[in-house]
file coords-v8.pdb (PDB, C-alpha atoms)
MODEL        1
ATOM      1  CA  MET A  29       1.741   3.227  -7.639  1.00  0.00           C
ATOM      2  CA  ASP A  30      -1.978   3.136  -6.906  1.00  0.00           C
ATOM      3  CA  HIS A  31      -3.878  -0.134  -6.630  1.00  0.00           C
ATOM      4  CA  ALA A  32      -7.599  -0.764  -6.950  1.00  0.00           C
ATOM      5  CA  ALA A  33     -10.041  -3.601  -6.542  1.00  0.00           C
ATOM      6  CA  THR A  34     -13.761  -4.058  -7.089  1.00  0.00           C
ATOM      7  CA  VAL A  35     -15.541  -6.885  -5.338  1.00  0.00           C
ATOM      8  CA  SER A  36     -18.947  -8.431  -5.886  1.00  0.00           C
ATOM      9  CA  VAL A  37     -21.056  -8.706  -2.755  1.00  0.00           C
ATOM     10  CA  GLY A  38     -22.794 -12.002  -2.050  1.00  0.00           C
ATOM     11  CA  ARG A  39     -24.982 -10.814   0.833  1.00  0.00           C
ATOM     12  CA  LEU A  40     -25.915  -7.162   0.669  1.00  0.00           C
ATOM     13  CA  PRO A  41     -26.255  -5.117   3.853  1.00  0.00           C
ATOM     14  CA  THR A  42     -29.950  -4.186   3.812  1.00  0.00           C
ATOM     15  CA  THR A  43     -30.156  -2.068   6.954  1.00  0.00           C
ATOM     16  CA  LEU A  44     -28.235   1.042   7.899  1.00  0.00           C
ATOM     17  CA  PRO A  45     -26.745  -0.575  11.043  1.00  0.00           C
ATOM     18  CA  GLU A  46     -25.418  -3.462   8.899  1.00  0.00           C
ATOM     19  CA  ALA A  47     -24.028  -1.009   6.364  1.00  0.00           C
ATOM     20  CA  ARG A  48     -22.341   1.037   9.106  1.00  0.00           C
ATOM     21  CA  ALA A  49     -20.649  -2.092  10.476  1.00  0.00           C
ATOM     22  CA  VAL A  50     -19.364  -2.988   7.002  1.00  0.00           C
ATOM     23  CA  ALA A  51     -18.255   0.605   6.366  1.00  0.00           C
ATOM     24  CA  ALA A  52     -16.247   0.491   9.605  1.00  0.00           C
ATOM     25  CA  GLU A  53     -14.464  -2.615   8.302  1.00  0.00           C
ATOM     26  CA  HIS A  54     -13.790  -0.857   4.993  1.00  0.00           C
ATOM     27  CA  PHE A  55     -12.341   2.083   6.908  1.00  0.00           C
ATOM     28  CA  ALA A  56     -10.101  -0.194   8.978  1.00  0.00           C
ATOM     29  CA  PHE A  57      -8.431  -1.575   5.846  1.00  0.00           C
ATOM     30  CA  PHE A  58      -8.862   1.289   3.342  1.00  0.00           C
ATOM     31  CA  PRO A  59      -9.139   4.585   5.275  1.00  0.00           C
ATOM     32  CA  ASP A  60      -8.153   6.646   2.222  1.00  0.00           C
ATOM     33  CA  ASP A  61     -11.361   5.569   0.485  1.00  0.00           C
ATOM     34  CA  ILE A  62     -13.258   7.607   3.055  1.00  0.00           C
ATOM     35  CA  ASN A  63     -10.723  10.240   4.123  1.00  0.00           C
ATOM     36  CA  GLN A  64      -9.758  11.288   0.592  1.00  0.00           C
ATOM     37  CA  ASN A  65     -12.981  10.818  -1.378  1.00  0.00           C
ATOM     38  CA  PRO A  66     -16.390  12.403  -1.049  1.00  0.00           C
ATOM     39  CA  PRO A  67     -18.474  12.138   1.029  1.00  0.00           C
ATOM     40  CA  TYR A  68     -15.585  12.074   3.614  1.00  0.00           C
ATOM     41  CA  ASP A  69     -17.888  10.673   6.310  1.00  0.00           C
ATOM     42  CA  LEU A  70     -18.266   7.087   7.496  1.00  0.00           C
ATOM     43  CA  ASP A  71     -22.048   7.253   8.008  1.00  0.00           C
ATOM     44  CA  ILE A  72     -22.647   8.790   4.583  1.00  0.00           C
ATOM     45  CA  HIS A  73     -20.256   6.258   3.034  1.00  0.00           C
ATOM     46  CA  ALA A  74     -22.321   3.492   4.652  1.00  0.00           C
ATOM     47  CA  GLU A  75     -25.573   4.907   3.324  1.00  0.00           C
ATOM     48  CA  LYS A  76     -24.436   5.841  -0.192  1.00  0.00           C
ATOM     49  CA  MET A  77     -21.634   3.374  -1.013  1.00  0.00           C
ATOM     50  CA  VAL A  78     -22.425   0.232   1.020  1.00  0.00           C
ATOM     51  CA  LEU A  79     -26.161  -0.083   1.711  1.00  0.00           C
ATOM     52  CA  ASP A  80     -27.852  -2.270  -0.952  1.00  0.00           C
ATOM     53  CA  GLN A  81     -24.808  -2.016  -3.271  1.00  0.00           C
ATOM     54  CA  LYS A  82     -23.902  -5.106  -5.320  1.00  0.00           C
ATOM     55  CA  THR A  83     -20.247  -4.113  -5.738  1.00  0.00           C
ATOM     56  CA  TRP A  84     -17.740  -2.233  -3.609  1.00  0.00           C
ATOM     57  CA  SER A  85     -14.598  -0.565  -4.924  1.00  0.00           C
ATOM     58  CA  PHE A  86     -11.390   0.044  -3.001  1.00  0.00           C
ATOM     59  CA  TRP A  87      -8.105   1.750  -3.748  1.00  0.00           C
ATOM     60  CA  TRP A  88      -4.803   2.173  -1.935  1.00  0.00           C
ATOM     61  CA  ASP A  89      -1.351   3.575  -2.562  1.00  0.00           C
TER      62      ASP A  89
ENDMDL
END
call {"tool": "encode", "arguments": {"input": "coords-v8.pdb", "output": "structure tokens"}}
result
Amino acid sequence: MDHAATVSVGRLPTTLPEARAVAAEHFAFFPDDINQNPPYDLDIHAEKMVLDQKTWSFWWD
């Protein structure tokens, strides 16, 4: 069974270094989000899915 969650972000990462740090935390808990979904790259995930985003979505098996 797959599980999913979407969270609202109270303090947005506004710089790429902040977004990369958050993306690394996402990867630590939800590696499939990055390994099994485009863009398949932590830096691109940080830039496209974390930086200045008001919500983040996660899924796991």
call {"tool": "axis_aligned_box", "arguments": {"input": "coords-v8.pdb", "around": "stretch 41-51 of chain A", "padding_each_side": "6 Å", "output": "lines of an AutoDock Vina configuration file"}}
result
center_x = -24.2
center_y = -2.0
center_z = 7.4
size_x = 23.9
size_y = 18.2
size_z = 19.2
call {"tool": "atom_distance", "arguments": {"input": "coords-v8.pdb", "atom1": "atom CA of A:Val35", "atom2": "atom CA of A:Arg48"}}
result
17.8 Å
call {"tool": "residues_around", "arguments": {"input": "coords-v8.pdb", "residues": "A:Asp71", "least_positions_apart": "2", "cutoff": "9 Å", "atoms": "all atoms listed in the file", "output": "mmCIF file with C-alpha atoms, keeping the file's coordinate frame"}}
result
data_model
loop_
_atom_site.group_PDB
_atom_site.id
_atom_site.type_symbol
_atom_site.label_atom_id
_atom_site.label_comp_id
_atom_site.auth_asym_id
_atom_site.auth_seq_id
_atom_site.Cartn_x
_atom_site.Cartn_y
_atom_site.Cartn_z
ATOM 1 C CA LEU A 44 -28.235 1.042 7.899
ATOM 2 C CA ALA A 47 -24.028 -1.009 6.364
ATOM 3 C CA ARG A 48 -22.341 1.037 9.106
ATOM 4 C CA ALA A 51 -18.255 0.605 6.366
ATOM 5 C CA ASP A 69 -17.888 10.673 6.310
ATOM 6 C CA HIS A 73 -20.256 6.258 3.034
ATOM 7 C CA ALA A 74 -22.321 3.492 4.652
ATOM 8 C CA GLU A 75 -25.573 4.907 3.324
ATOM 9 C CA LYS A 76 -24.436 5.841 -0.192
#
call {"tool": "atom_distance", "arguments": {"input": "coords-v8.pdb", "atom1": "atom CA of A:Leu79", "atom2": "atom CA of A:Thr42"}}
result
6.0 Å
call {"tool": "resolve_selection", "arguments": {"input": "coords-v8.pdb", "expression": "the PyMOL selection byres ((chain A and resi 87) around 10)", "output": "list in words"}}
result
Asp30, His31, Ala32, Ala33, Thr34, Phe58, Pro59, Asp60, Asp61, Ser85, Phe86, Trp88 and Asp89 of chain A
call {"tool": "residues_around", "arguments": {"input": "coords-v8.pdb", "residues": "A:Arg39", "least_positions_apart": "5", "cutoff": "10 Å", "atoms": "only C-alpha atoms", "output": "number ranges by chain"}}
result
A: 80-82
call {"tool": "atom_distance", "arguments": {"input": "coords-v8.pdb", "atom1": "atom CA of A:Pro41", "atom2": "atom CA of A:Gln64"}}
result
23.5 Å
